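Encoded as structure tokens, the structure appears first; notes follow it.
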Amino acid sequence: MWKRIAALLVLSLSLPALAAVKRFELTTHSSVFPVDQGVYVKGFSFNEMSPGPLLVVEEGDTVEIALRNEDFVAHGLSIHAANTQTSKFLGNVQPGEERVFRFQADFPGVFMYHCAPGGHGIMAHTMGGQHGMIVVEPKKKYRLEAELGRAPDLKLYLVQSEWYASGRDFFDGRATYVVFNGQNFRYVKEPIPVRPGDYIRIYFLNAGPNLTSTFHVVGGVWEYMYYQGNPDNVVKGSQTALAGPSDSWVIEWRVPPVEGDYTLVTHVFGTAIKGALGILRAKKDAPRVAEVRAEGPKALKEVPQEAKRVLDPYGLGTPTHEHTVRKAPDPALLQPVAVGERTLDPLPVTIQMVGNSFYPKVVEVPVGTTVEFVNEDVFDLLEGERTGRHDAVVVDVKGPEPFVSPKLGHGERWRVTFTQPGEYTYICSIHPYMRGIIRVYAPTPQEVHKGH
Amino acid sequence: MWKRIAALLVLSLSLPALAAVKRFELTTHSSVFPVDQGVYVKGFSFNEMSPGPLLVVEEGDTVEIALRNEDFVAHGLSIHAANTQTSKFLGNVQPGEERVFRFQADFPGVFMYHCAPGGHGIMAHTMGGQHGMIVVEPKKKYRLEAELGRAPDLKLYLVQSEWYASGRDFFDGRATYVVFNGQNFRYVKEPIPVRPGDYIRIYFLNAGPNLTSTFHVVGGVWEYMYYQGNPDNVVKGSQTALAGPSDSWVIEWRVPPVEGDYTLVTHVFGTAIKGALGILRAKKDAPRVAEVRAEGPKALKEVPQEAKRVLDPYGLGTPTHEHTVRKAPDPALLQPVAVGERTLDPLPVTIQMVGNSFYPKVVEVPVGTTVEFVNEDVFDLLEGERTGRHDAVVVDVKGPEPFVSPKLGHGERWRVTFTQPGEYTYICSIHPYMRGIIRVYAPTPQEVHKGH
Amino acid sequence: MWKRIAALLVLSLSLPALAAVKRFELTTHSSVFPVDQGVYVKGFSFNEMSPGPLLVVEEGDTVEIALRNEDFVAHGLSIHAANTQTSKFLGNVQPGEERVFRFQADFPGVFMYHCAPGGHGIMAHTMGGQHGMIVVEPKKKYRLEAELGRAPDLKLYLVQSEWYASGRDFFDGRATYVVFNGQNFRYVKEPIPVRPGDYIRIYFLNAGPNLTSTFHVVGGVWEYMYYQGNPDNVVKGSQTALAGPSDSWVIEWRVPPVEGDYTLVTHVFGTAIKGALGILRAKKDAPRVAEVRAEGPKALKEVPQEAKRVLDPYGLGTPTHEHTVRKAPDPALLQPVAVGERTLDPLPVTIQMVGNSFYPKVVEVPVGTTVEFVNEDVFDLLEGERTGRHDAVVVDVKGPEPFVSPKLGHGERWRVTFTQPGEYTYICSIHPYMRGIIRVYAPTPQEVHKGH
């Protein structure tokens, strides 16, 4: 079934005459990525993961990659570690087609790979999840390894990347989530165990596709960093590793002697707050983990029934991110309307809880309107000032219907319908400086004096 | 009143056995920051400033920091100069609590510190103003100091940071203001005096929380720059210092022999235009200033009565940035409506003057509508092409009511109400290429032919 | 007519006593830039191009620049290669005025120049197109030239920059287009010919004004890169060159031995997809091109009649980017309304095709509404997954009026008017995973049960 003709052509053109060959198989799919508790993203994958499989080779190796398109649209592959023509051989791979490609890994470092059918599709597919890390281990020793005379205790391979709800958001750089190895706060939920004094090497890749990262550890200064992972590009004593999309670093650091949580984070805080934060948990008797792989969790084929939120950048997800527009010639806003044989309920007015604030902060609605609160803050672990859980509690009311919402975790929603005029000032009881106002007015204008 | 138990615990765990100790006291508060003429931001502070106090120590020093929470919510502290556990000792500090923490400053450079109660709160509080600079002066001399054999004439400590109007804007990277040492165009209003030939050292920190900076001086090329302020990370002859959030540089430069204004600016011009621009004023007989400190002006406890604009990222400020939503089942847009016992005036349609343009550019409103112009351009000094002051002057009118607005400074507003149908093309008389249209139509549809 | 007085003053102040002088003439204009097929941007220019003329000098040269303002507003000049006072001599140049300025090019590298009337105008004019590249060739040889003992086969001067539709978009970093040397996908339409094995030197400048770039070639690893173009700032073996606005690199690379297309791209993919992608086309017998200049195509004085889209960041362009606001007291949305003596058609509801998705994805409109599709994806070359061409084809219909749009290229529009209630699920037939819904409802609310 797989077409081998193109593959043979490639072999004859690009096969280096070397013995040692590292072989990898990549397959392409439409996939559903589990990104948070009950939160899924629809997109494209390599080997049903995002990031795709981690590929590790040695400087000088011949690398063979078989790419098989098991999806219903064309895909492709760009491998940043390959200093040779790839577009011609790995571009525009049709459904059902397989290609085999070889290159020699001459440049050491940490590189990105991603889907590359060609032209516009390169960017559109990478946005949807088709990217991963390939590491070319240098012949030359990294500096701290040379100084200490031993290998790292932990190799931590880490891809930072973004999830988008729509192409418009992708164009504008408005990521919904920013993640380490595919999931929101993955290593907060499962901290990485280390021991005080451990020598750690981090292979950090910012896969983007849009945002800059400044990778940092709370409670540490990076001892040595190597831009792109090349041992010759040394930076000393840095609080941050600055990385644009497809930039990478190898970072060497020793865990300080004190036990506790060391938090990995992008110091671009408006993106860290969207999911890019994890924990190294240092304990004297921590279990030994030699390697954390830059691979997303196993993807699904279908969205599970229990999903509370689905992002589908290309198609339709759950309503919040569809930016639904209803053009309303008047009372349609307040009453159901007919669409052929069925009816549409009125659209609620949505108030986001986001960045410890309500948005919009002031909402003025006619009697009969339903207001929906949705918590867009992503970090809903812990409590008090440390959490992004929120509620909405009326503290000052001019009217008959004070409300108290339940405490909402990320992506959770709660609705209230107003049946009489009134004005409500409300706060979050967990973060009492959060403040908003809802004004409910009589739908028919009154004879009133016009004050200025 | 302050709890000393936790502090003692910390001391026993983290006290290095060294003699010289540099001690600093930090306190946390809810504060109101004066950001521009009549413009205030509500947020959180260290020592009632944003940036908080500048901390300067020497490489090898033992640093002791006492953190006292005088606010009504939990706070904390992350100090990037400390290569040791801090979260455990300085996280989640409750109102009324004090903690004392020591570390040894082993890594030279320019570092950020910021509030870190834990988790989500780290990002949310840093956004609100709780950040500052700590400098660890290296034992090794910076290169230009070694070459010249003398200390700098001026040490300029400079923090670039952002102010947000809401958490939504923070998530999306839409800063309202971008500032040097806390205020819009602070060093345009008070230029920093230098003399031609002066040897200047700039300690530059981009505190973010979101935007990248490319720090530049008009009329100069940075002679030497040191990434993160480490003397070993040298860059030569650079027009810009690229810095993501929490990135820093030490920059060495000699003022050229010619008198005049040398403008400090982030070359990310869509952010410089929001406030991040200052002046080094070179005169032969300029007064000697040895040091400019990276500290915001003294904050207030309450918003002054005369405020023309208040940003409150967490709560309610002045209306522009609340993104007020009024859901309108028809004539409510044009007439006051009842809310319990009082009434709401109709919402005006707002037209921004921003980046030398009107936004939106085309506005179509029914007779009876009030249109409000607001100047969002921040630099309202100087005149002509050099200023961001604007007005709105009708140049072509099909209708009865031509209008001329006054010249508006930053944050100033002006309203006009239209009582008859008509069409107005208007420009800014200072920047005559700025152009917009307002069309005022009859509120009831007419019997008209439908032209295509 | 030109004022020579200021020029003489400048000469006496800034003239170095050297023999060799490189002289350039810059003129300022209001211009119309051809940015894509049928797409134009109105702005300001140097020498009626954007980027303006490429200036190349040698380290140590005396450079003389004559600046003549042939426009109707004040302009100015900032030259990043000049380490000397410029604001005083080249700021606030009035219409009709000429200035002559000299400086000595002491710092080697790749520098930006841009308009600088002063203050706010510096940023506002640079946004409009007034920027360019000046190269100071170093005395010291770049490393690969020294190793190979010969000059490069191709010198590729490349400016990445952004085009904006409005000042609001400029403030928020929402570029409409991102371009290499002034035009969308310029070197996709006219690939740059090279031969396998060629030694290439790229002079890369990110002129911004807002976005970060990570400059990359598909099928290659940059052999040596020099930050700011200074031969002492070497980086080895990099997949990307990270550049904030006004950052620059000299990049040295040898075309691999295999023929094919090598794609130059910013790996900030949400911006590459807006136009910043080009092709080096490697063929054994390719014609020899020694130099590609960082200069935009010749600008026009007026917008041509056949324009399909005009962006005017300061004034009025074609409607899409005006963000037209019509405040509607009900039936006005559906019927023409009177504005003085003429009428306005109802505003259509616009659905963008953008980043392989529809936006907004769900549209609910009353019977009688016109929906307009507009293709915002910029890369409309090639086919299948490689193209950004789109259509809208109904695949599931509950109602009487299925529609099929034509295939739309960038900036093309198509309208459909709905006359009966119904529900339409539609896809793009080229990218069948793109999906949207239009619901057309009865304008008068029905008596319906309200289901929850």
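Chain lettering (A, B, ...) mirrors the order of the structure tokens, residue numbering begins at 1 for each chain separately, and ligand numbering begins at 1 in order of display.
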
Quick one: which residues from chain A are at most 6 Å off chain B, using only C-alpha atoms, as a PyMOL selection string?
chain A and resi 174+219-221+238+256+258+267-270+330-331+354-357+360-365+379+385-388+421-422+434-435+440-442+445-446

Check the DSSP output for the backbone and give back, as an MDAnalysis selection string, the residues of stretch 248-437 of chain B in strand (DSSP E).
chainID B and resid 248:254 260:266 277:282 291:292 309:311 325:326 337:339 342:344 349:353 358:359 362:366 370:375 393:398 413:417 422:427 435:437

Rounded to one decimal place, report the atom CA of B:Glu59-atom CA of B:Tyr142 distance in Å.
13.4 Å

Exercise: stretch 296-299 of chain B partners within 9 Å, only C-alpha atoms, chain neighbours under 3 positions left out, as a count of residues only:
18

Would you list, as a PyMOL selection string, the residues of stretch 269-432 of chain A that end up in alpha helix (DSSP H) under DSSP run on this structure's backbone?
chain A and resi 269-272

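Atom CA of B:Thr350 sits 18.0 Å away from atom CA of B:Pro402.
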
For B:Pro191, list every protein, DNA or RNA residue within 8 Å, evaluated using only C-alpha atoms, and leave out those in the same chain fewer than 6 positions away; present the list as a PyMOL selection string.
chain B and resi 278-281
